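Have a look at coords.cif; it's mmCIF, C-alpha atoms:
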```
data_input
#
loop_
_atom_site.label_atom_id
_atom_site.label_comp_id
_atom_site.auth_asym_id
_atom_site.auth_seq_id
_atom_site.Cartn_x
_atom_site.Cartn_y
_atom_site.Cartn_z
CA MET A 1 72.12 100.47 64.20
CA GLU A 2 74.88 103.03 63.88
CA ILE A 3 76.83 103.61 67.10
CA ALA A 4 79.33 106.03 68.56
CA THR A 5 82.18 104.90 70.79
CA GLU A 6 84.64 106.63 73.05
CA SER A 7 87.11 105.98 75.81
CA LEU A 8 86.39 107.92 78.95
CA THR A 9 87.64 108.05 82.49
CA LEU A 10 85.15 108.15 85.35
CA THR A 11 85.97 108.98 88.94
CA THR A 12 85.15 106.67 91.83
CA ALA A 13 86.07 106.69 95.51
CA ASP A 14 88.90 104.33 94.54
CA GLY A 15 90.33 106.56 91.82
CA ARG A 16 89.88 107.25 88.14
CA ILE A 17 88.72 104.26 86.10
CA PRO A 18 88.94 104.09 82.28
CA CYS A 19 85.85 102.76 80.51
CA HIS A 20 84.80 101.93 76.97
CA LEU A 21 81.48 103.57 76.06
CA ALA A 22 79.37 102.51 73.08
CA GLN A 23 75.92 103.87 72.34
CA PRO A 24 73.45 104.40 69.51
CA ALA A 25 74.46 107.41 67.41
CA ALA A 26 70.85 108.55 67.10
CA GLY A 27 69.56 110.76 69.88
CA GLY A 28 67.07 109.59 72.45
CA GLN A 29 67.01 107.52 75.62
CA TYR A 30 68.09 103.90 75.72
CA PRO A 31 68.40 101.15 78.31
CA ALA A 32 71.96 100.53 79.46
CA VAL A 33 74.19 97.51 80.01
CA ILE A 34 77.40 97.33 82.02
CA VAL A 35 79.77 94.90 80.28
CA VAL A 36 82.20 93.33 82.75
CA MET A 37 85.51 92.12 81.35
CA GLU A 38 87.11 88.70 81.61
CA ALA A 39 90.27 88.07 83.63
CA PHE A 40 92.25 89.09 80.53
CA GLY A 41 91.45 92.78 80.92
CA LEU A 42 89.52 95.36 78.94
CA ASN A 43 90.60 93.92 75.60
CA GLY A 44 89.35 94.11 72.03
CA HIS A 45 86.91 91.25 72.56
CA ILE A 46 85.12 92.99 75.45
CA ARG A 47 85.04 96.29 73.54
CA ALA A 48 83.53 94.44 70.56
CA VAL A 49 80.88 92.84 72.79
CA ALA A 50 79.95 96.25 74.19
CA GLU A 51 79.68 97.62 70.66
CA ARG A 52 77.57 94.66 69.48
CA ILE A 53 75.12 95.24 72.35
CA ALA A 54 75.04 98.98 71.58
CA ARG A 55 74.06 98.18 67.98
CA GLU A 56 70.96 96.49 69.43
CA GLY A 57 69.86 99.78 71.02
CA TYR A 58 71.67 100.01 74.37
CA VAL A 59 74.13 102.38 75.97
CA THR A 60 77.00 100.14 77.07
CA LEU A 61 79.79 100.86 79.48
CA ALA A 62 82.75 98.50 79.98
CA PRO A 63 84.91 99.51 82.96
CA ASP A 64 88.58 98.58 83.26
CA LEU A 65 88.68 96.75 86.60
CA TYR A 66 92.47 96.42 86.29
CA ALA A 67 93.06 100.20 86.26
CA ARG A 68 94.45 99.87 89.81
CA PHE A 69 97.22 97.69 88.36
CA GLY A 70 98.08 99.85 85.35
CA SER A 71 95.31 98.56 83.01
CA PRO A 72 97.09 95.43 81.75
CA VAL A 73 95.62 93.42 78.91
CA VAL A 74 96.72 89.80 79.09
CA SER A 75 96.79 87.52 76.05
CA TYR A 76 94.49 84.49 76.05
CA ASP A 77 97.46 82.14 76.18
CA GLU A 78 98.70 83.65 79.46
CA ILE A 79 96.07 82.19 81.79
CA PRO A 80 98.30 82.11 84.93
CA LYS A 81 99.05 85.82 84.49
CA ALA A 82 95.35 86.60 84.02
CA ILE A 83 94.51 84.63 87.15
CA GLU A 84 97.19 86.53 89.05
CA TYR A 85 95.54 89.86 88.20
CA MET A 86 92.05 88.49 88.86
CA GLU A 87 93.08 87.33 92.33
CA LYS A 88 94.34 90.83 93.17
CA LEU A 89 90.84 92.26 92.87
CA ASP A 90 89.01 93.07 96.07
CA ASP A 91 85.30 92.10 95.91
CA ALA A 92 84.17 95.10 97.96
CA LYS A 93 86.03 97.52 95.67
CA VAL A 94 84.66 95.82 92.56
CA MET A 95 81.10 96.06 93.91
CA ALA A 96 81.71 99.74 94.69
CA GLU A 97 83.05 100.18 91.15
CA VAL A 98 79.91 98.62 89.66
CA GLY A 99 77.80 100.84 91.91
CA ALA A 100 79.68 103.93 90.70
CA ARG A 101 79.11 102.89 87.06
CA ILE A 102 75.38 102.42 87.76
CA GLU A 103 75.27 105.90 89.34
CA HIS A 104 77.00 107.42 86.33
CA LEU A 105 74.60 105.73 83.91
CA GLU A 106 71.54 106.76 85.94
CA GLY A 107 72.63 110.39 85.65
CA TRP A 108 73.11 110.44 81.87
CA PRO A 109 70.23 111.95 79.86
CA GLU A 110 70.60 109.30 77.12
CA VAL A 111 70.04 106.45 79.59
CA ARG A 112 66.68 105.15 80.77
CA ALA A 113 67.75 104.95 84.41
CA ALA A 114 65.14 102.36 85.35
CA ARG A 115 66.44 99.95 82.66
CA ILE A 116 70.05 99.07 83.54
CA GLY A 117 71.41 95.55 83.25
CA ILE A 118 74.78 93.85 83.56
CA THR A 119 76.59 91.13 81.67
CA GLY A 120 79.99 89.56 82.04
CA PHE A 121 82.24 86.76 80.92
CA CYS A 122 84.05 84.27 83.16
CA MET A 123 85.35 86.49 85.97
CA GLY A 124 82.91 89.12 84.70
CA GLY A 125 80.06 86.61 84.88
CA ALA A 126 80.80 86.11 88.57
CA VAL A 127 80.95 89.90 89.01
CA ALA A 128 77.56 90.19 87.28
CA PHE A 129 76.04 87.61 89.66
CA LYS A 130 77.52 89.33 92.73
CA SER A 131 76.46 92.75 91.46
CA ALA A 132 72.86 91.56 91.17
CA ALA A 133 72.99 90.64 94.86
CA HIS A 134 74.59 93.95 95.91
CA HIS A 135 72.72 96.39 93.65
CA THR A 136 69.25 94.88 93.90
CA VAL A 137 67.30 98.08 93.24
CA ASP A 138 69.26 99.37 90.27
CA LEU A 139 70.01 96.29 88.18
CA LYS A 140 67.01 95.00 86.24
CA ALA A 141 68.61 92.11 84.30
CA VAL A 142 71.72 89.92 84.55
CA VAL A 143 73.40 87.80 81.88
CA ALA A 144 76.38 85.79 83.14
CA PHE A 145 78.48 83.87 80.64
CA TYR A 146 80.35 80.93 82.24
CA GLY A 147 80.83 82.72 85.53
CA GLY A 148 79.28 82.52 88.95
CA ALA A 149 79.15 78.75 89.43
CA SER A 150 81.51 79.19 92.37
CA LEU A 151 78.58 80.86 94.17
CA ALA A 152 76.78 77.51 94.31
CA GLY A 153 77.15 77.27 98.07
CA ASP A 154 76.32 80.91 98.80
CA SER A 155 72.55 80.75 99.05
CA ALA A 156 72.51 83.92 101.20
CA LEU A 157 74.03 85.89 98.33
CA LEU A 158 71.82 84.25 95.70
CA ALA A 159 68.75 84.95 97.87
CA ARG A 160 69.34 88.71 97.58
CA ILE A 161 69.08 88.72 93.77
CA LYS A 162 65.87 90.33 92.50
CA ALA A 163 66.61 90.76 88.79
CA PRO A 164 66.01 87.95 86.32
CA VAL A 165 69.23 86.04 85.57
CA LEU A 166 70.27 84.29 82.37
CA ALA A 167 73.33 82.17 83.17
CA LEU A 168 75.12 80.27 80.44
CA TRP A 169 77.75 77.57 81.00
CA GLY A 170 79.35 74.98 78.77
CA GLU A 171 78.34 71.46 79.72
CA LYS A 172 81.80 70.18 78.78
CA ASP A 173 83.79 73.06 80.31
CA GLU A 174 86.45 71.31 82.38
CA LEU A 175 87.15 74.44 84.46
CA ILE A 176 83.60 74.77 85.78
CA PRO A 177 82.27 71.60 87.41
CA LEU A 178 78.78 70.73 86.20
CA ASP A 179 77.69 69.90 89.76
CA GLN A 180 78.35 73.54 90.75
CA VAL A 181 76.27 74.75 87.81
CA GLN A 182 73.44 72.42 88.80
CA ARG A 183 73.62 73.59 92.43
CA VAL A 184 73.33 77.24 91.35
CA GLU A 185 70.30 76.37 89.23
CA GLU A 186 68.71 74.31 92.02
CA THR A 187 69.34 77.03 94.60
CA MET A 188 67.93 79.76 92.36
CA ARG A 189 64.81 77.67 91.67
CA ARG A 190 64.38 76.81 95.37
CA LEU A 191 64.62 80.53 96.21
CA GLY A 192 61.98 81.36 93.58
CA LYS A 193 64.34 83.39 91.40
CA THR A 194 63.69 84.09 87.75
#
```

Starting from the file, lay out its structure as structure tokens.
Amino acid sequence: MEIATESLTLTTADGRIPCHLAQPAAGGQYPAVIVVMEAFGLNGHIRAVAERIAREGYVTLAPDLYARFGSPVVSYDEIPKAIEYMEKLDDAKVMAEVGARIEHLEGWPEVRAARIGITGFCMGGAVAFKSAAHHTVDLKAVVAFYGGASLAGDSALLARIKAPVLALWGEKDELIPLDQVQRVEETMRRLGKT
């Protein structure tokens, strides 16, 4: 499907946040997906993911969560620097940022407001999980790529999730202990989550 892309800046209570927008070029209404970046910033990979999802018939919006720090993009071989930026993020502000993006999408005529989902990678996967627990009415689907296993012990947060969740982790990923992954899965099943 042919798509159109643009960089735009959207206002939140915390300031102006740049975003990458990708959407089908043909008119009409489409479901939407918020694409949450990795700890490396709003880089070419995340933009490409947003565009790939848009080609499948979605309006996608990828916010720059590092705008508060000057919008750095960190190379994949600078993991300590990426972690440094990631640790500067404030969960409450990030959840407010996701909420503001949902609000923007719900108000756009090309978006089917009742069909908004979220996906993210690594840090963004954890943000997607947390967002599902904080924006229970608005988010209808969650896909978390190798993120969110650290929530294994937070059954109160996982209990609030209403949307179906597809969580993907690498069995041999040395950075994410398999026991955490299994505990998330067990907790979600025990809580009756999809």

Legend entry - the PyMOL selection byres ((chain A and resi 54) around 12) applied to the shown file, residues as number ranges by chain: A: 1-5, 20-26, 30-35, 47-53, 55-62

Legend entry - Residues in the PyMOL selection byres ((chain A and resi 92-98) around 12), expressed as a VMD selection string: chain A and resid 10 to 19 33 to 37 61 to 68 86 to 91 99 to 105 116 to 120 123 to 124 126 to 136 138 to 139

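Distance-wise, CA of Ala144 in chain A and CA of Ala114 in chain A end up 20.1 Å apart.
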
Applied to the shown file, which residues does the PyMOL selection byres ((chain A and resi 154-161) around 7) return, written as a tab-separated table (two decimals) with C-alpha atoms, in the coordinates of the input?
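After the write, part_22.tsv holds the following:
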```tsv
chain	number	residue	atom	x	y	z
A	132	ALA	CA	72.86	91.56	91.17
A	133	ALA	CA	72.99	90.64	94.86
A	136	THR	CA	69.25	94.88	93.90
A	151	LEU	CA	78.58	80.86	94.17
A	152	ALA	CA	76.78	77.51	94.31
A	153	GLY	CA	77.15	77.27	98.07
A	162	LYS	CA	65.87	90.33	92.50
A	163	ALA	CA	66.61	90.76	88.79
A	187	THR	CA	69.34	77.03	94.60
A	188	MET	CA	67.93	79.76	92.36
A	191	LEU	CA	64.62	80.53	96.21
```

Residues at most 9 Å from Ala39 in chain A, counting only C-alpha atoms, excluding those fewer than 2 positions away in the same chain, as a PDB file with C-alpha atoms, in the frame of the given file?
```
ATOM      1  CA  MET A  37      85.510  92.120  81.350  1.00  0.00           C
ATOM      2  CA  GLY A  41      91.450  92.780  80.920  1.00  0.00           C
ATOM      3  CA  LEU A  42      89.520  95.360  78.940  1.00  0.00           C
ATOM      4  CA  VAL A  73      95.620  93.420  78.910  1.00  0.00           C
ATOM      5  CA  VAL A  74      96.720  89.800  79.090  1.00  0.00           C
ATOM      6  CA  ILE A  79      96.070  82.190  81.790  1.00  0.00           C
ATOM      7  CA  ALA A  82      95.350  86.600  84.020  1.00  0.00           C
ATOM      8  CA  ILE A  83      94.510  84.630  87.150  1.00  0.00           C
ATOM      9  CA  GLU A  84      97.190  86.530  89.050  1.00  0.00           C
ATOM     10  CA  TYR A  85      95.540  89.860  88.200  1.00  0.00           C
ATOM     11  CA  MET A  86      92.050  88.490  88.860  1.00  0.00           C
ATOM     12  CA  PHE A 121      82.240  86.760  80.920  1.00  0.00           C
ATOM     13  CA  CYS A 122      84.050  84.270  83.160  1.00  0.00           C
ATOM     14  CA  MET A 123      85.350  86.490  85.970  1.00  0.00           C
ATOM     15  CA  GLY A 124      82.910  89.120  84.700  1.00  0.00           C
TER      16      GLY A 124
END
```

Inset, instruction - Have a look at A:Arg189, A:Arg183, A:Lys81, A:His45 and name the one nearest to Ala149 in chain A; count only C-alpha atoms. - result: A:Arg183

Legend entry - Atom pair CA of Val142 in chain A / CA of Pro72 in chain A: separation (Å): 26.1 Å

Inset, instruction - Provide the CA of Tyr76 in chain A to CA of Ile46 in chain A distance in Å, to one decimal place. - result: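 These atoms are spaced 12.7 Å apart.
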
Legend entry - 12 Å contact set for Lys172 in chain A, only C-alpha atoms, chain neighbours under 6 positions out, as a PyMOL selection string: chain A and resi 146+178-179+181

I need the chosen residues saved as a short mmCIF file (atom, residue, chain, number, x, y, z; two decimals), keeping the file's coordinate frame, with C-alpha atoms.
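New file out-v1.cif:
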```
data_model
loop_
_atom_site.label_atom_id
_atom_site.label_comp_id
_atom_site.auth_asym_id
_atom_site.auth_seq_id
_atom_site.Cartn_x
_atom_site.Cartn_y
_atom_site.Cartn_z
CA TYR A 146 80.35 80.93 82.24
CA LEU A 178 78.78 70.73 86.20
CA ASP A 179 77.69 69.90 89.76
CA VAL A 181 76.27 74.75 87.81
#
```

Please, could N, CA and C atoms be added to range 92-124 of chain A and the result written as a PDB file, keeping the file's coordinate frame?
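Okay, rebuild.pdb is ready:
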```pdb
ATOM      1  N   ALA A  92      84.876  93.899  97.486  1.00  0.00           N
ATOM      2  CA  ALA A  92      84.170  95.100  97.960  1.00  0.00           C
ATOM      3  C   ALA A  92      84.448  96.285  97.031  1.00  0.00           C
ATOM      4  N   LYS A  93      85.692  96.413  96.581  1.00  0.00           N
ATOM      5  CA  LYS A  93      86.030  97.520  95.670  1.00  0.00           C
ATOM      6  C   LYS A  93      85.373  97.322  94.309  1.00  0.00           C
ATOM      7  N   VAL A  94      85.309  96.089  93.851  1.00  0.00           N
ATOM      8  CA  VAL A  94      84.660  95.820  92.560  1.00  0.00           C
ATOM      9  C   VAL A  94      83.171  96.134  92.651  1.00  0.00           C
ATOM     10  N   MET A  95      82.523  95.754  93.746  1.00  0.00           N
ATOM     11  CA  MET A  95      81.100  96.060  93.910  1.00  0.00           C
ATOM     12  C   MET A  95      80.880  97.572  93.985  1.00  0.00           C
ATOM     13  N   ALA A  96      81.792  98.282  94.644  1.00  0.00           N
ATOM     14  CA  ALA A  96      81.710  99.740  94.690  1.00  0.00           C
ATOM     15  C   ALA A  96      81.900 100.327  93.292  1.00  0.00           C
ATOM     16  N   GLU A  97      82.812  99.741  92.526  1.00  0.00           N
ATOM     17  CA  GLU A  97      83.050 100.180  91.150  1.00  0.00           C
ATOM     18  C   GLU A  97      81.789 100.006  90.301  1.00  0.00           C
ATOM     19  N   VAL A  98      81.148  98.852  90.403  1.00  0.00           N
ATOM     20  CA  VAL A  98      79.910  98.620  89.660  1.00  0.00           C
ATOM     21  C   VAL A  98      78.849  99.631  90.110  1.00  0.00           C
ATOM     22  N   GLY A  99      78.757  99.856  91.406  1.00  0.00           N
ATOM     23  CA  GLY A  99      77.800 100.840  91.910  1.00  0.00           C
ATOM     24  C   GLY A  99      78.055 102.233  91.362  1.00  0.00           C
ATOM     25  N   ALA A 100      79.320 102.613  91.265  1.00  0.00           N
ATOM     26  CA  ALA A 100      79.680 103.930  90.700  1.00  0.00           C
ATOM     27  C   ALA A 100      79.293 104.004  89.228  1.00  0.00           C
ATOM     28  N   ARG A 101      79.484 102.902  88.493  1.00  0.00           N
ATOM     29  CA  ARG A 101      79.110 102.890  87.060  1.00  0.00           C
ATOM     30  C   ARG A 101      77.590 103.005  86.927  1.00  0.00           C
ATOM     31  N   ILE A 102      76.842 102.317  87.792  1.00  0.00           N
ATOM     32  CA  ILE A 102      75.380 102.420  87.760  1.00  0.00           C
ATOM     33  C   ILE A 102      74.976 103.869  88.006  1.00  0.00           C
ATOM     34  N   GLU A 103      75.575 104.491  89.013  1.00  0.00           N
ATOM     35  CA  GLU A 103      75.270 105.900  89.340  1.00  0.00           C
ATOM     36  C   GLU A 103      75.535 106.805  88.148  1.00  0.00           C
ATOM     37  N   HIS A 104      76.698 106.600  87.499  1.00  0.00           N
ATOM     38  CA  HIS A 104      77.000 107.420  86.330  1.00  0.00           C
ATOM     39  C   HIS A 104      75.931 107.240  85.257  1.00  0.00           C
ATOM     40  N   LEU A 105      75.599 105.986  84.951  1.00  0.00           N
ATOM     41  CA  LEU A 105      74.600 105.730  83.910  1.00  0.00           C
ATOM     42  C   LEU A 105      73.248 106.326  84.267  1.00  0.00           C
ATOM     43  N   GLU A 106      72.842 106.216  85.525  1.00  0.00           N
ATOM     44  CA  GLU A 106      71.540 106.760  85.940  1.00  0.00           C
ATOM     45  C   GLU A 106      71.469 108.271  85.756  1.00  0.00           C
ATOM     46  N   GLY A 107      72.613 108.935  85.787  1.00  0.00           N
ATOM     47  CA  GLY A 107      72.630 110.390  85.650  1.00  0.00           C
ATOM     48  C   GLY A 107      72.763 110.894  84.225  1.00  0.00           C
ATOM     49  N   TRP A 108      72.946 110.010  83.269  1.00  0.00           N
ATOM     50  CA  TRP A 108      73.110 110.440  81.870  1.00  0.00           C
ATOM     51  C   TRP A 108      71.754 110.601  81.204  1.00  0.00           C
ATOM     52  N   PRO A 109      71.540 111.716  80.495  1.00  0.00           N
ATOM     53  CA  PRO A 109      70.230 111.950  79.860  1.00  0.00           C
ATOM     54  C   PRO A 109      69.884 110.924  78.775  1.00  0.00           C
ATOM     55  N   GLU A 110      70.885 110.282  78.172  1.00  0.00           N
ATOM     56  CA  GLU A 110      70.600 109.300  77.120  1.00  0.00           C
ATOM     57  C   GLU A 110      70.299 107.901  77.646  1.00  0.00           C
ATOM     58  N   VAL A 111      70.292 107.753  78.976  1.00  0.00           N
ATOM     59  CA  VAL A 111      70.040 106.450  79.590  1.00  0.00           C
ATOM     60  C   VAL A 111      68.683 106.434  80.285  1.00  0.00           C
ATOM     61  N   ARG A 112      67.927 105.383  80.027  1.00  0.00           N
ATOM     62  CA  ARG A 112      66.680 105.150  80.770  1.00  0.00           C
ATOM     63  C   ARG A 112      67.090 104.527  82.099  1.00  0.00           C
ATOM     64  N   ALA A 113      67.163 105.343  83.121  1.00  0.00           N
ATOM     65  CA  ALA A 113      67.750 104.950  84.410  1.00  0.00           C
ATOM     66  C   ALA A 113      67.090 103.738  85.050  1.00  0.00           C
ATOM     67  N   ALA A 114      65.840 103.497  84.746  1.00  0.00           N
ATOM     68  CA  ALA A 114      65.140 102.360  85.350  1.00  0.00           C
ATOM     69  C   ALA A 114      65.353 101.073  84.555  1.00  0.00           C
ATOM     70  N   ARG A 115      66.222 101.111  83.547  1.00  0.00           N
ATOM     71  CA  ARG A 115      66.440  99.950  82.660  1.00  0.00           C
ATOM     72  C   ARG A 115      67.934  99.689  82.494  1.00  0.00           C
ATOM     73  N   ILE A 116      68.610  99.359  83.585  1.00  0.00           N
ATOM     74  CA  ILE A 116      70.050  99.070  83.540  1.00  0.00           C
ATOM     75  C   ILE A 116      70.273  97.601  83.870  1.00  0.00           C
ATOM     76  N   GLY A 117      71.064  96.952  83.036  1.00  0.00           N
ATOM     77  CA  GLY A 117      71.410  95.550  83.250  1.00  0.00           C
ATOM     78  C   GLY A 117      72.917  95.384  83.291  1.00  0.00           C
ATOM     79  N   ILE A 118      73.348  94.152  83.495  1.00  0.00           N
ATOM     80  CA  ILE A 118      74.780  93.850  83.560  1.00  0.00           C
ATOM     81  C   ILE A 118      75.035  92.502  82.912  1.00  0.00           C
ATOM     82  N   THR A 119      76.162  92.396  82.236  1.00  0.00           N
ATOM     83  CA  THR A 119      76.590  91.130  81.670  1.00  0.00           C
ATOM     84  C   THR A 119      78.092  91.004  81.868  1.00  0.00           C
ATOM     85  N   GLY A 120      78.560  89.779  81.872  1.00  0.00           N
ATOM     86  CA  GLY A 120      79.990  89.560  82.040  1.00  0.00           C
ATOM     87  C   GLY A 120      80.387  88.167  81.617  1.00  0.00           C
ATOM     88  N   PHE A 121      81.671  87.999  81.435  1.00  0.00           N
ATOM     89  CA  PHE A 121      82.240  86.760  80.920  1.00  0.00           C
ATOM     90  C   PHE A 121      83.265  86.218  81.896  1.00  0.00           C
ATOM     91  N   CYS A 122      83.118  84.954  82.250  1.00  0.00           N
ATOM     92  CA  CYS A 122      84.050  84.270  83.160  1.00  0.00           C
ATOM     93  C   CYS A 122      84.128  85.049  84.474  1.00  0.00           C
ATOM     94  N   MET A 123      85.256  85.662  84.777  1.00  0.00           N
ATOM     95  CA  MET A 123      85.350  86.490  85.970  1.00  0.00           C
ATOM     96  C   MET A 123      84.229  87.525  85.983  1.00  0.00           C
ATOM     97  N   GLY A 124      83.966  88.119  84.819  1.00  0.00           N
ATOM     98  CA  GLY A 124      82.910  89.120  84.700  1.00  0.00           C
ATOM     99  C   GLY A 124      81.529  88.549  84.925  1.00  0.00           C
TER     100      GLY A 124
END
```
